[in-house]
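Below is the file query05.txt, which contains compact mmCIF, C-alpha atoms.
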```txt
# COMPACT_ATOMS: atom_id res chain seq x y z
CA MET Q 1 31.79 123.11 8.50
CA THR Q 2 30.36 120.75 5.93
CA PHE Q 3 33.69 120.72 4.21
CA THR Q 4 35.52 119.86 7.43
CA LEU Q 5 33.07 117.05 8.24
CA HIS Q 6 33.42 115.68 4.73
CA LYS Q 7 37.18 115.87 5.01
CA MET Q 8 37.17 114.19 8.41
CA LEU Q 9 34.85 111.44 7.18
CA ARG Q 10 37.05 110.85 4.18
CA ALA Q 11 40.11 110.67 6.40
CA ALA Q 12 38.35 108.21 8.70
CA ILE Q 13 37.32 105.97 5.79
CA CYS Q 14 40.81 106.08 4.35
CA ALA Q 15 42.34 105.23 7.71
CA SER Q 16 40.02 102.27 8.26
CA LEU Q 17 40.59 101.03 4.72
CA LEU Q 18 44.32 101.31 5.23
CA ALA Q 19 44.08 99.46 8.54
CA ALA Q 20 41.98 96.71 6.96
CA SER Q 21 44.32 96.27 4.03
CA SER Q 22 47.41 96.27 6.20
CA ALA Q 23 45.79 93.62 8.44
CA ALA Q 24 45.08 91.55 5.35
CA MET Q 25 48.63 91.88 4.14
CA THR Q 26 50.50 91.27 7.36
CA ALA Q 27 50.78 87.95 9.07
CA THR Q 28 49.43 87.08 12.46
CA PRO Q 29 52.59 87.79 14.46
CA SER Q 30 51.91 84.90 16.81
CA VAL Q 31 51.74 82.19 14.13
CA HIS Q 32 54.62 80.64 12.24
CA VAL Q 33 54.98 77.61 10.03
CA GLU Q 34 57.63 74.85 10.00
CA HIS Q 35 58.46 71.99 7.61
CA ALA Q 36 56.18 73.18 4.82
CA TRP Q 37 56.36 70.75 1.88
CA ILE Q 38 54.40 69.35 -1.02
CA ARG Q 39 54.47 65.76 -2.23
CA TRP Q 40 54.90 66.10 -5.99
CA LEU Q 41 52.83 63.83 -8.20
CA PRO Q 42 53.18 63.39 -11.97
CA ALA Q 43 50.62 63.94 -14.74
CA ASN Q 44 49.31 67.17 -13.17
CA LEU Q 45 47.54 65.08 -10.53
CA PRO Q 46 46.32 66.78 -7.37
CA ALA Q 47 49.11 67.00 -4.79
CA ALA Q 48 49.08 67.34 -1.00
CA GLY Q 49 50.70 70.10 1.06
CA TYR Q 50 51.92 69.52 4.60
CA ALA Q 51 53.24 71.79 7.35
CA THR Q 52 53.35 72.30 11.08
CA ILE Q 53 51.47 75.43 12.11
CA VAL Q 54 52.70 76.83 15.43
CA ASN Q 55 50.74 79.34 17.48
CA ASP Q 56 52.98 81.21 19.93
CA GLY Q 57 50.17 83.53 21.01
CA ASP Q 58 47.74 83.56 23.91
CA GLY Q 59 44.63 83.13 21.78
CA VAL Q 60 43.37 80.38 19.47
CA GLN Q 61 44.13 81.01 15.79
CA ARG Q 62 41.63 79.66 13.30
CA LEU Q 63 42.94 78.64 9.87
CA THR Q 64 40.09 79.09 7.41
CA GLY Q 65 41.80 78.23 4.14
CA ALA Q 66 44.77 78.66 1.86
CA SER Q 67 45.46 79.87 -1.64
CA SER Q 68 48.34 79.90 -4.11
CA ALA Q 69 48.92 81.50 -7.48
CA ASP Q 70 50.41 78.15 -8.56
CA TYR Q 71 47.17 76.19 -8.09
CA GLY Q 72 43.62 76.83 -9.26
CA SER Q 73 42.24 75.16 -6.17
CA VAL Q 74 43.59 74.75 -2.63
CA MET Q 75 41.36 72.98 -0.14
CA LEU Q 76 41.81 72.02 3.48
CA HIS Q 77 41.18 68.26 3.66
CA ARG Q 78 41.40 65.48 6.14
CA SER Q 79 41.96 61.79 5.43
CA ARG Q 80 40.20 59.44 7.74
CA LEU Q 81 40.36 55.72 8.30
CA ALA Q 82 37.05 54.19 9.36
CA GLN Q 83 36.71 50.40 9.61
CA GLY Q 84 39.61 49.94 7.23
CA ASP Q 85 38.19 52.31 4.62
CA SER Q 86 40.07 55.45 3.69
CA THR Q 87 37.95 58.54 3.05
CA MET Q 88 38.66 62.21 2.42
CA GLU Q 89 36.58 64.98 3.85
CA MET Q 90 36.64 68.73 3.41
CA VAL Q 91 37.48 70.76 6.48
CA ASP Q 92 35.90 74.17 7.03
CA HIS Q 93 38.50 75.45 9.47
CA LEU Q 94 41.29 74.27 11.72
CA ASP Q 95 41.94 75.75 15.17
CA ILE Q 96 45.56 76.15 16.28
CA PRO Q 97 45.49 76.17 20.10
CA ALA Q 98 47.22 78.93 22.06
CA HIS Q 99 50.88 78.03 22.64
CA GLY Q 100 50.30 74.85 20.64
CA SER Q 101 50.62 73.53 17.14
CA VAL Q 102 48.74 71.47 14.57
CA LYS Q 103 50.44 69.18 12.09
CA LEU Q 104 49.24 68.86 8.55
CA ALA Q 105 50.83 65.45 7.91
CA PRO Q 106 50.37 62.41 5.62
CA GLY Q 107 47.31 60.39 6.61
CA GLY Q 108 45.56 63.33 8.31
CA TYR Q 109 45.05 67.03 7.66
CA HIS Q 110 46.51 68.30 4.39
CA LEU Q 111 46.08 70.97 1.75
CA MET Q 112 44.73 69.41 -1.43
CA LEU Q 113 46.31 71.28 -4.36
CA SER Q 114 44.61 70.87 -7.73
CA HIS Q 115 44.72 72.38 -11.20
CA ALA Q 116 48.30 73.67 -11.20
CA THR Q 117 48.52 76.88 -13.23
CA HIS Q 118 51.95 75.86 -14.57
CA PRO Q 119 54.04 72.67 -14.28
CA VAL Q 120 55.28 72.22 -10.72
CA LYS Q 121 58.27 69.88 -10.16
CA PRO Q 122 60.42 68.59 -7.30
CA GLY Q 123 62.87 71.26 -6.15
CA ASP Q 124 60.40 74.10 -6.73
CA LYS Q 125 59.13 76.41 -4.02
CA VAL Q 126 55.40 77.09 -4.06
CA PRO Q 127 54.31 80.32 -2.34
CA MET Q 128 51.20 79.63 -0.27
CA ARG Q 129 48.96 82.09 1.56
CA LEU Q 130 47.36 80.78 4.74
CA HIS Q 131 44.18 82.64 5.66
CA PHE Q 132 43.11 83.06 9.26
CA ALA Q 133 39.71 83.97 10.71
CA ASP Q 134 40.96 87.33 12.02
CA GLY Q 135 41.66 88.39 8.43
CA SER Q 136 45.40 87.95 8.61
CA VAL Q 137 47.35 86.13 5.95
CA LEU Q 138 50.59 84.24 6.40
CA GLN Q 139 52.76 83.78 3.33
CA VAL Q 140 54.83 80.58 3.38
CA ASP Q 141 57.02 78.87 0.79
CA PHE Q 142 56.30 75.13 0.45
CA SER Q 143 59.21 72.97 -0.81
CA VAL Q 144 58.22 70.51 -3.52
CA LEU Q 145 59.64 67.02 -2.79
CA PRO Q 146 59.60 63.87 -4.98
CA ALA Q 147 56.58 61.53 -4.85
CA ASN Q 148 58.43 58.92 -2.80
CA ALA Q 149 59.91 61.30 -0.20
CA ALA Q 150 59.13 60.29 3.38
CA GLY Q 151 59.12 63.96 4.43
CA PRO Q 152 61.32 67.04 4.66
CA MET C 1 73.04 17.01 40.46
CA SER C 2 75.12 17.91 37.44
CA LEU C 3 73.14 18.91 34.39
CA ARG C 4 75.84 17.47 32.16
CA ARG C 5 75.22 13.90 33.18
CA SER C 6 71.56 14.11 33.82
CA PRO C 7 68.93 12.69 31.45
CA PHE C 8 67.34 16.10 31.97
CA ARG C 9 69.95 17.43 29.54
CA TRP C 10 68.47 15.33 26.73
CA LEU C 11 65.01 16.51 27.60
CA LEU C 12 66.16 20.10 27.32
CA ALA C 13 67.78 19.45 23.96
CA ALA C 14 64.65 17.71 22.69
CA ALA C 15 62.48 20.59 23.86
CA ALA C 16 64.78 23.10 22.11
CA LEU C 17 64.61 21.07 18.89
CA LEU C 18 60.80 20.90 19.06
CA LEU C 19 60.65 24.64 19.59
CA LEU C 20 62.89 25.22 16.57
CA ALA C 21 60.73 22.96 14.41
CA ALA C 22 57.60 24.76 15.57
CA CYS C 23 59.17 28.11 14.67
CA ALA C 24 60.07 26.91 11.21
CA ALA C 25 56.55 25.62 10.59
CA HIS C 26 54.80 28.67 11.99
CA PRO C 27 56.83 31.83 11.51
CA GLN C 28 56.22 34.53 14.05
CA TRP C 29 54.26 36.82 11.74
CA GLN C 30 53.98 40.44 12.75
CA LEU C 31 51.16 41.17 10.31
CA ASP C 32 47.74 39.48 10.43
CA ASP C 33 47.89 35.86 9.29
CA VAL C 34 45.05 35.26 6.79
CA GLN C 35 46.24 31.92 5.42
CA GLY C 36 43.22 29.79 4.51
CA HIS C 37 40.83 32.73 4.95
CA LEU C 38 41.24 34.47 1.59
CA PRO C 39 41.39 32.90 -1.88
CA ASP C 40 44.50 32.59 -4.04
CA LEU C 41 45.50 35.50 -6.25
CA LYS C 42 43.46 35.46 -9.45
CA PHE C 43 42.78 38.24 -11.95
CA SER C 44 42.86 39.18 -15.59
CA MET C 45 43.70 42.86 -16.08
CA THR C 46 45.88 45.36 -17.96
CA ASN C 47 49.22 46.54 -16.57
CA ASP C 48 50.54 50.12 -16.68
CA LEU C 49 52.30 49.39 -19.97
CA GLY C 50 48.98 48.45 -21.55
CA GLN C 51 49.73 44.71 -21.62
CA PRO C 52 47.16 42.07 -20.59
CA VAL C 53 48.31 40.29 -17.42
CA THR C 54 46.97 37.58 -15.13
CA ALA C 55 47.95 36.36 -11.66
CA ALA C 56 50.04 33.63 -13.34
CA ASP C 57 52.45 36.33 -14.57
CA TYR C 58 53.38 37.02 -10.94
CA ARG C 59 53.89 33.41 -9.78
CA GLY C 60 57.34 33.20 -8.24
CA LYS C 61 57.06 36.72 -6.81
CA VAL C 62 55.80 37.74 -3.39
CA VAL C 63 52.86 39.99 -4.24
CA LEU C 64 51.40 42.92 -2.31
CA LEU C 65 47.94 43.86 -3.56
CA TYR C 66 46.55 47.33 -2.86
CA PHE C 67 43.44 49.11 -4.13
CA GLY C 68 43.83 52.86 -4.74
CA TYR C 69 43.61 55.64 -7.33
CA THR C 70 45.89 58.34 -8.65
CA HIS C 71 43.72 61.34 -7.68
CA CYS C 72 44.47 60.32 -4.10
CA PRO C 73 47.23 62.71 -3.00
CA ASP C 74 47.48 61.70 0.64
CA VAL C 75 46.78 58.13 1.78
CA CYS C 76 47.72 56.23 -1.42
CA PRO C 77 51.13 57.96 -1.67
CA LEU C 78 51.66 57.40 2.06
CA THR C 79 51.09 53.65 1.59
CA LEU C 80 53.30 53.50 -1.51
CA VAL C 81 56.08 55.43 0.27
CA HIS C 82 55.93 52.95 3.19
CA LEU C 83 56.27 50.06 0.74
CA HIS C 84 59.05 51.83 -1.19
CA THR C 85 60.98 52.31 2.07
CA VAL C 86 60.56 48.63 2.96
CA LEU C 87 61.69 47.49 -0.51
CA GLN C 88 64.76 49.74 -0.27
CA LYS C 89 65.64 48.16 3.07
CA MET C 90 65.22 44.63 1.66
CA GLY C 91 67.98 45.27 -0.85
CA LYS C 92 68.42 42.72 -3.65
CA ALA C 93 65.69 40.45 -2.23
CA ALA C 94 63.11 43.10 -3.15
CA ASP C 95 63.52 42.06 -6.80
CA ASP C 96 61.32 39.09 -5.85
CA VAL C 97 58.51 41.38 -4.65
CA ARG C 98 55.85 43.14 -6.72
CA VAL C 99 53.37 45.70 -5.46
CA LEU C 100 50.17 45.56 -7.53
CA PHE C 101 48.35 48.90 -7.35
CA VAL C 102 44.82 48.23 -8.62
CA THR C 103 42.94 51.36 -9.60
CA VAL C 104 39.40 51.77 -8.28
CA ASP C 105 38.98 54.80 -10.58
CA PRO C 106 39.51 53.41 -14.11
CA ALA C 107 37.69 56.37 -15.70
CA ARG C 108 40.47 58.80 -14.76
CA ASP C 109 43.32 56.33 -14.35
CA THR C 110 44.28 55.75 -17.95
CA VAL C 111 47.27 53.49 -18.63
CA PRO C 112 49.72 56.43 -19.13
CA VAL C 113 48.58 58.25 -15.94
CA LEU C 114 48.78 55.01 -13.96
CA HIS C 115 52.27 54.35 -15.35
CA GLN C 116 53.59 57.81 -14.41
CA TYR C 117 52.03 57.55 -10.97
CA VAL C 118 53.36 54.13 -9.93
CA THR C 119 56.85 54.62 -11.37
CA ALA C 120 57.20 57.86 -9.39
CA PHE C 121 57.24 55.70 -6.25
CA ASP C 122 59.19 52.53 -7.02
CA PRO C 123 60.11 50.43 -10.06
CA ARG C 124 58.64 47.35 -8.36
CA VAL C 125 55.15 48.87 -8.22
CA VAL C 126 52.87 47.79 -11.08
CA GLY C 127 49.67 49.63 -11.90
CA LEU C 128 46.69 47.47 -12.85
CA THR C 129 43.46 48.56 -14.50
CA GLY C 130 40.62 46.84 -16.27
CA THR C 131 36.93 46.97 -16.94
CA GLN C 132 34.67 48.14 -14.12
CA ASP C 133 33.59 44.48 -13.89
CA ALA C 134 37.11 43.07 -13.60
CA ILE C 135 37.99 45.56 -10.86
CA ALA C 136 34.73 44.94 -8.99
CA GLN C 137 35.31 41.17 -9.14
CA LEU C 138 38.85 41.43 -7.82
CA ALA C 139 37.73 43.74 -4.99
CA LYS C 140 34.88 41.39 -4.12
CA ARG C 141 37.23 38.39 -4.08
CA TYR C 142 39.22 40.05 -1.28
CA ARG C 143 36.23 41.75 0.38
CA ALA C 144 37.68 45.14 -0.49
CA PHE C 145 35.32 48.09 -0.75
CA TYR C 146 35.33 51.21 -2.91
CA LYS C 147 32.81 53.88 -3.77
CA PRO C 148 33.21 57.08 -5.83
CA GLU C 149 31.92 60.11 -3.88
CA THR C 150 29.92 63.00 -5.31
CA PRO C 151 32.06 65.76 -6.87
CA ASN C 152 33.28 68.23 -4.24
CA ASP C 153 34.01 71.27 -6.40
CA LYS C 154 33.00 73.16 -9.53
CA ALA C 155 35.60 71.31 -11.61
CA GLY C 156 33.83 68.00 -10.96
CA ASP C 157 36.73 66.50 -9.01
CA TYR C 158 35.69 63.59 -6.86
CA ASP C 159 37.22 61.34 -4.23
CA VAL C 160 36.88 57.58 -4.01
CA THR C 161 36.45 55.96 -0.62
CA HIS C 162 38.39 52.70 -0.65
CA SER C 163 39.70 49.89 1.53
CA SER C 164 43.16 50.62 2.78
CA ALA C 165 44.39 47.06 3.40
CA ILE C 166 47.47 45.55 1.73
CA TYR C 167 47.01 41.86 0.85
CA VAL C 168 50.21 39.82 0.88
CA PHE C 169 50.56 36.67 -1.27
CA ASP C 170 53.41 34.15 -1.29
CA ARG C 171 55.33 33.04 -4.39
CA GLU C 172 52.65 30.43 -5.13
CA GLY C 173 49.87 33.02 -5.06
CA HIS C 174 48.39 31.94 -1.73
CA ALA C 175 46.97 34.73 0.43
CA ARG C 176 49.14 34.82 3.55
CA LEU C 177 49.05 38.15 5.37
CA LEU C 178 47.12 41.38 5.73
CA ALA C 179 48.82 44.73 6.39
CA THR C 180 47.14 48.08 7.03
CA PRO C 181 48.36 51.69 6.76
CA GLY C 182 48.93 51.38 10.52
CA SER C 183 51.43 48.52 10.08
CA SER C 184 54.99 49.70 10.71
CA ASN C 185 57.71 49.43 8.07
CA ASP C 186 59.58 47.05 10.38
CA GLU C 187 56.60 44.71 10.68
CA ILE C 188 56.15 44.59 6.89
CA LEU C 189 59.91 44.18 6.36
CA HIS C 190 60.10 41.35 8.90
CA ASP C 191 57.33 39.34 7.25
CA LEU C 192 58.40 40.00 3.65
CA ASP C 193 61.92 38.82 4.49
CA ILE C 194 60.40 35.51 5.63
CA LEU C 195 58.18 35.20 2.56
CA VAL C 196 61.01 35.80 0.08
CA GLY C 197 63.05 33.26 2.04
CA LYS C 198 65.72 35.65 3.26
CA SER C 199 65.26 34.63 6.92
CA SER C 200 62.92 32.53 9.01
```
Let's see the structure in the file written out as structure tokens.
Amino acid sequence: MTFTLHKMLRAAICASLLAASSAAMTATPSVHVEHAWIRWLPANLPAAGYATIVNDGDGVQRLTGASSADYGSVMLHRSRLAQGDSTMEMVDHLDIPAHGSVKLAPGGYHLMLSHATHPVKPGDKVPMRLHFADGSVLQVDFSVLPANAAGP
Amino acid sequence: MSLRRSPFRWLLAAAALLLLAACAAHPQWQLDDVQGHLPDLKFSMTNDLGQPVTAADYRGKVVLLYFGYTHCPDVCPLTLVHLHTVLQKMGKAADDVRVLFVTVDPARDTVPVLHQYVTAFDPRVVGLTGTQDAIAQLAKRYRAFYKPETPNDKAGDYDVTHSSAIYVFDREGHARLLATPGSSNDEILHDLDILVGKSS
């Protein structure tokens, strides 16, 4: 009896662990990303990542952050213009409305990519992991474009 | 009454001539006209090749003055890309235009970093740096504002809040126009074409 309970408990733990890890590894099926690109800057300067995040689902999807093996730091930022002054602010999360989309675009929301772990250059693809509040992760390749590119 | 024979015809012609003269004297600017409201271009700084330069070195060129910094991955590149696009569209006439990118972060923007940054956008962009005093004086002269923010991560990275305006000077160094990041490429192109003398 004890043995069976122990075995059942172990099975239950394993199953929940497996479920949790598979949720962490698989993408939110309702979210996809378009036009993902990075504006390359020289001298290992921080760069900005842009994309359109589309939510095809019935519920709001909350982006809570992003990470990449190619950068030591990836932060969700927003540029703002107030009375002619340009400021940057950190953003805690970004909600993608149901059946809607949010653009990370120059002059607004962007991923601030700092401390590249190896030289990144135009033409490269940078794998990025977008983290959502429900624990899901979406893996997206960002195309690296030259500094003076207007967009993808 | 036939218009051909009427004295009214001469009146019309005179009115048209007056209108033309008025247009030539006061171009239809699409950017904000600041003539007489801001002082002439004046500075003494170091360019992105490490050479000392003053405003006199840019007499004869139409100058666009912008305050920014290289650890600015979003808005500063956006502005420089707009200007690059406009200069491309101007063609040969763009040789008479210089964009002066004045750093508001001289501690991090060394001459080599500044050089790599500006040349990544356009060969007609010049990076300018100087002492904290020289930069502060130039900003004050044009009522531009900048302020380093407190570091936002463990690495000690920090942002600098800064004015986003682009100050446009004519070939004689007189302040003429003010553009903002919201100004369209066409508006900037239209007014630069007039200032370089390509059209009126």
Q) Which one is closest to Pro39 in chain C: C:Pro27, C:Gly156, C:Gly173, C:Gly127? Count all atoms listed in the file. A)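 Nearest to Pro39 in chain C: C:Gly173.
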What are the nearest atom pairs, with distances in Å to one decimal, for all residues of range 120-185 of chain C that come at most 6 Å from range 66-89 of chain Q, using all atoms listed in the file, set out by chain and rising residue number as JSON lines?
```
{"residue": "C:Thr161", "atom": "CA", "partner": "Q:Thr87", "partner_atom": "CA", "distance": 4.7}
{"residue": "C:His162", "atom": "CA", "partner": "Q:Asp85", "partner_atom": "CA", "distance": 5.3}
{"residue": "C:Ser163", "atom": "CA", "partner": "Q:Asp85", "partner_atom": "CA", "distance": 4.2}
{"residue": "C:Ser164", "atom": "CA", "partner": "Q:Asp85", "partner_atom": "CA", "distance": 5.6}
```
Please produce, as JSON lines, a per-residue contact table for chain C versus chain Q (criterion: any atom at most 10 Å away, all atoms listed in the file considered), showing the nearest atom pair and its distance in Å to one decimal, sorted by chain then residue number.
```
{"residue": "C:Gly68", "atom": "CA", "partner": "Q:Ser86", "partner_atom": "CA", "distance": 9.6}
{"residue": "C:Thr70", "atom": "CA", "partner": "Q:Leu45", "partner_atom": "CA", "distance": 7.2}
{"residue": "C:His71", "atom": "CA", "partner": "Q:Pro46", "partner_atom": "CA", "distance": 6.0}
{"residue": "C:Cys72", "atom": "CA", "partner": "Q:Pro46", "partner_atom": "CA", "distance": 7.5}
{"residue": "C:Pro73", "atom": "CA", "partner": "Q:Ala47", "partner_atom": "CA", "distance": 5.0}
{"residue": "C:Asp74", "atom": "CA", "partner": "Q:Pro106", "partner_atom": "CA", "distance": 5.8}
{"residue": "C:Val75", "atom": "CA", "partner": "Q:Gly107", "partner_atom": "CA", "distance": 5.4}
{"residue": "C:Cys76", "atom": "CA", "partner": "Q:Gly107", "partner_atom": "CA", "distance": 9.1}
{"residue": "C:Pro77", "atom": "CA", "partner": "Q:Ala147", "partner_atom": "CA", "distance": 7.2}
{"residue": "C:Leu78", "atom": "CA", "partner": "Q:Pro106", "partner_atom": "CA", "distance": 6.3}
{"residue": "C:Thr79", "atom": "CA", "partner": "Q:Gly107", "partner_atom": "CA", "distance": 9.2}
{"residue": "C:Leu80", "atom": "CA", "partner": "Q:Asn148", "partner_atom": "CA", "distance": 7.6}
{"residue": "C:Val81", "atom": "CA", "partner": "Q:Asn148", "partner_atom": "CA", "distance": 5.2}
{"residue": "C:His82", "atom": "CA", "partner": "Q:Ala150", "partner_atom": "CA", "distance": 8.0}
{"residue": "C:Leu83", "atom": "CA", "partner": "Q:Asn148", "partner_atom": "CA", "distance": 9.8}
{"residue": "C:His84", "atom": "CA", "partner": "Q:Asn148", "partner_atom": "CA", "distance": 7.3}
{"residue": "C:Thr85", "atom": "CA", "partner": "Q:Ala150", "partner_atom": "CA", "distance": 8.3}
{"residue": "C:Pro112", "atom": "CA", "partner": "Q:Ala43", "partner_atom": "CA", "distance": 8.7}
{"residue": "C:Val113", "atom": "CA", "partner": "Q:Ala43", "partner_atom": "CA", "distance": 6.2}
{"residue": "C:Leu114", "atom": "CA", "partner": "Q:Ala43", "partner_atom": "CA", "distance": 9.2}
{"residue": "C:His115", "atom": "CA", "partner": "Q:Pro42", "partner_atom": "CA", "distance": 9.7}
{"residue": "C:Gln116", "atom": "CA", "partner": "Q:Pro42", "partner_atom": "CA", "distance": 6.1}
{"residue": "C:Tyr117", "atom": "CA", "partner": "Q:Pro42", "partner_atom": "CA", "distance": 6.0}
{"residue": "C:Val118", "atom": "CA", "partner": "Q:Pro42", "partner_atom": "CA", "distance": 9.5}
{"residue": "C:Thr119", "atom": "CA", "partner": "Q:Ala147", "partner_atom": "CA", "distance": 9.5}
{"residue": "C:Ala120", "atom": "CA", "partner": "Q:Ala147", "partner_atom": "CA", "distance": 5.9}
{"residue": "C:Phe121", "atom": "CA", "partner": "Q:Asn148", "partner_atom": "CA", "distance": 4.9}
{"residue": "C:Asp122", "atom": "CA", "partner": "Q:Asn148", "partner_atom": "CA", "distance": 7.7}
{"residue": "C:Ala144", "atom": "CA", "partner": "Q:Asp85", "partner_atom": "CA", "distance": 8.8}
{"residue": "C:Phe145", "atom": "CA", "partner": "Q:Asp85", "partner_atom": "CA", "distance": 7.4}
{"residue": "C:Tyr146", "atom": "CA", "partner": "Q:Asp85", "partner_atom": "CA", "distance": 8.1}
{"residue": "C:Lys147", "atom": "CA", "partner": "Q:Thr87", "partner_atom": "CA", "distance": 9.7}
{"residue": "C:Glu149", "atom": "CA", "partner": "Q:Thr87", "partner_atom": "CA", "distance": 9.3}
{"residue": "C:Asn152", "atom": "CA", "partner": "Q:Met90", "partner_atom": "CA", "distance": 8.4}
{"residue": "C:Asp153", "atom": "CA", "partner": "Q:Ser73", "partner_atom": "CA", "distance": 9.1}
{"residue": "C:Ala155", "atom": "CA", "partner": "Q:His115", "partner_atom": "CA", "distance": 9.2}
{"residue": "C:Asp157", "atom": "CA", "partner": "Q:Ser114", "partner_atom": "CA", "distance": 9.1}
{"residue": "C:Tyr158", "atom": "CA", "partner": "Q:Met88", "partner_atom": "CA", "distance": 9.8}
{"residue": "C:Asp159", "atom": "CA", "partner": "Q:Met88", "partner_atom": "CA", "distance": 6.9}
{"residue": "C:Val160", "atom": "CA", "partner": "Q:Thr87", "partner_atom": "CA", "distance": 7.2}
{"residue": "C:Thr161", "atom": "CA", "partner": "Q:Thr87", "partner_atom": "CA", "distance": 4.7}
{"residue": "C:His162", "atom": "CA", "partner": "Q:Asp85", "partner_atom": "CA", "distance": 5.3}
{"residue": "C:Ser163", "atom": "CA", "partner": "Q:Asp85", "partner_atom": "CA", "distance": 4.2}
{"residue": "C:Ser164", "atom": "CA", "partner": "Q:Asp85", "partner_atom": "CA", "distance": 5.6}
{"residue": "C:Ala165", "atom": "CA", "partner": "Q:Gly84", "partner_atom": "CA", "distance": 6.8}
{"residue": "C:Thr180", "atom": "CA", "partner": "Q:Gly84", "partner_atom": "CA", "distance": 7.8}
{"residue": "C:Pro181", "atom": "CA", "partner": "Q:Gly107", "partner_atom": "CA", "distance": 8.8}
{"residue": "C:Gly182", "atom": "CA", "partner": "Q:Leu81", "partner_atom": "CA", "distance": 9.9}
```
Since we have the selection now, will you write its residues out, keeping C-alpha atoms, as a short mmCIF file (atom, residue, chain, number, x, y, z; two decimals), in the coordinates of the input?
```cif
data_model
loop_
_atom_site.label_atom_id
_atom_site.label_comp_id
_atom_site.auth_asym_id
_atom_site.auth_seq_id
_atom_site.Cartn_x
_atom_site.Cartn_y
_atom_site.Cartn_z
CA GLY C 68 43.83 52.86 -4.74
CA THR C 70 45.89 58.34 -8.65
CA HIS C 71 43.72 61.34 -7.68
CA CYS C 72 44.47 60.32 -4.10
CA PRO C 73 47.23 62.71 -3.00
CA ASP C 74 47.48 61.70 0.64
CA VAL C 75 46.78 58.13 1.78
CA CYS C 76 47.72 56.23 -1.42
CA PRO C 77 51.13 57.96 -1.67
CA LEU C 78 51.66 57.40 2.06
CA THR C 79 51.09 53.65 1.59
CA LEU C 80 53.30 53.50 -1.51
CA VAL C 81 56.08 55.43 0.27
CA HIS C 82 55.93 52.95 3.19
CA LEU C 83 56.27 50.06 0.74
CA HIS C 84 59.05 51.83 -1.19
CA THR C 85 60.98 52.31 2.07
CA PRO C 112 49.72 56.43 -19.13
CA VAL C 113 48.58 58.25 -15.94
CA LEU C 114 48.78 55.01 -13.96
CA HIS C 115 52.27 54.35 -15.35
CA GLN C 116 53.59 57.81 -14.41
CA TYR C 117 52.03 57.55 -10.97
CA VAL C 118 53.36 54.13 -9.93
CA THR C 119 56.85 54.62 -11.37
CA ALA C 120 57.20 57.86 -9.39
CA PHE C 121 57.24 55.70 -6.25
CA ASP C 122 59.19 52.53 -7.02
CA ALA C 144 37.68 45.14 -0.49
CA PHE C 145 35.32 48.09 -0.75
CA TYR C 146 35.33 51.21 -2.91
CA LYS C 147 32.81 53.88 -3.77
CA GLU C 149 31.92 60.11 -3.88
CA ASN C 152 33.28 68.23 -4.24
CA ASP C 153 34.01 71.27 -6.40
CA ALA C 155 35.60 71.31 -11.61
CA ASP C 157 36.73 66.50 -9.01
CA TYR C 158 35.69 63.59 -6.86
CA ASP C 159 37.22 61.34 -4.23
CA VAL C 160 36.88 57.58 -4.01
CA THR C 161 36.45 55.96 -0.62
CA HIS C 162 38.39 52.70 -0.65
CA SER C 163 39.70 49.89 1.53
CA SER C 164 43.16 50.62 2.78
CA ALA C 165 44.39 47.06 3.40
CA THR C 180 47.14 48.08 7.03
CA PRO C 181 48.36 51.69 6.76
CA GLY C 182 48.93 51.38 10.52
#
```
Q. So what do you get for CA of Thr129 in chain C versus CA of Ala107 in chain C, distance-wise?
A.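 Value for the CA of Thr129 in chain C-CA of Ala107 in chain C distance: 9.8 Å.
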Q: Taking (38.4, 54.1, -9.4) in the file's own coordinates, collect the residues within 7 Å, counting all atoms listed in the file, and hand them back as a PyMOL selection string.
A: chain C and resi 69+103-107+148+160
How about saving the chosen residues, C-alpha atoms kept, as a CSV table (one decimal), in the frame of the given file?
```csv
chain,number,residue,atom,x,y,z
C,69,TYR,CA,43.6,55.6,-7.3
C,103,THR,CA,42.9,51.4,-9.6
C,104,VAL,CA,39.4,51.8,-8.3
C,105,ASP,CA,39.0,54.8,-10.6
C,106,PRO,CA,39.5,53.4,-14.1
C,107,ALA,CA,37.7,56.4,-15.7
C,148,PRO,CA,33.2,57.1,-5.8
C,160,VAL,CA,36.9,57.6,-4.0
```
(Q) Quick one: residues within 12 Å of Asp56 in chain Q, all atoms listed in the file, excluding same-chain residues fewer than 3 positions away - as a list in words? (A) Thr28, Pro29, Ser30, Val31, His32, Val33, Ile53, Gly59, Val60, Gln61, Ile96, Pro97, Ala98, His99, Gly100, Ser101 and Val102 of chain Q
Q | Atom pair CA of Gly130 in chain C / CA of Met45 in chain C: separation (Å) | A | 5.0 Å
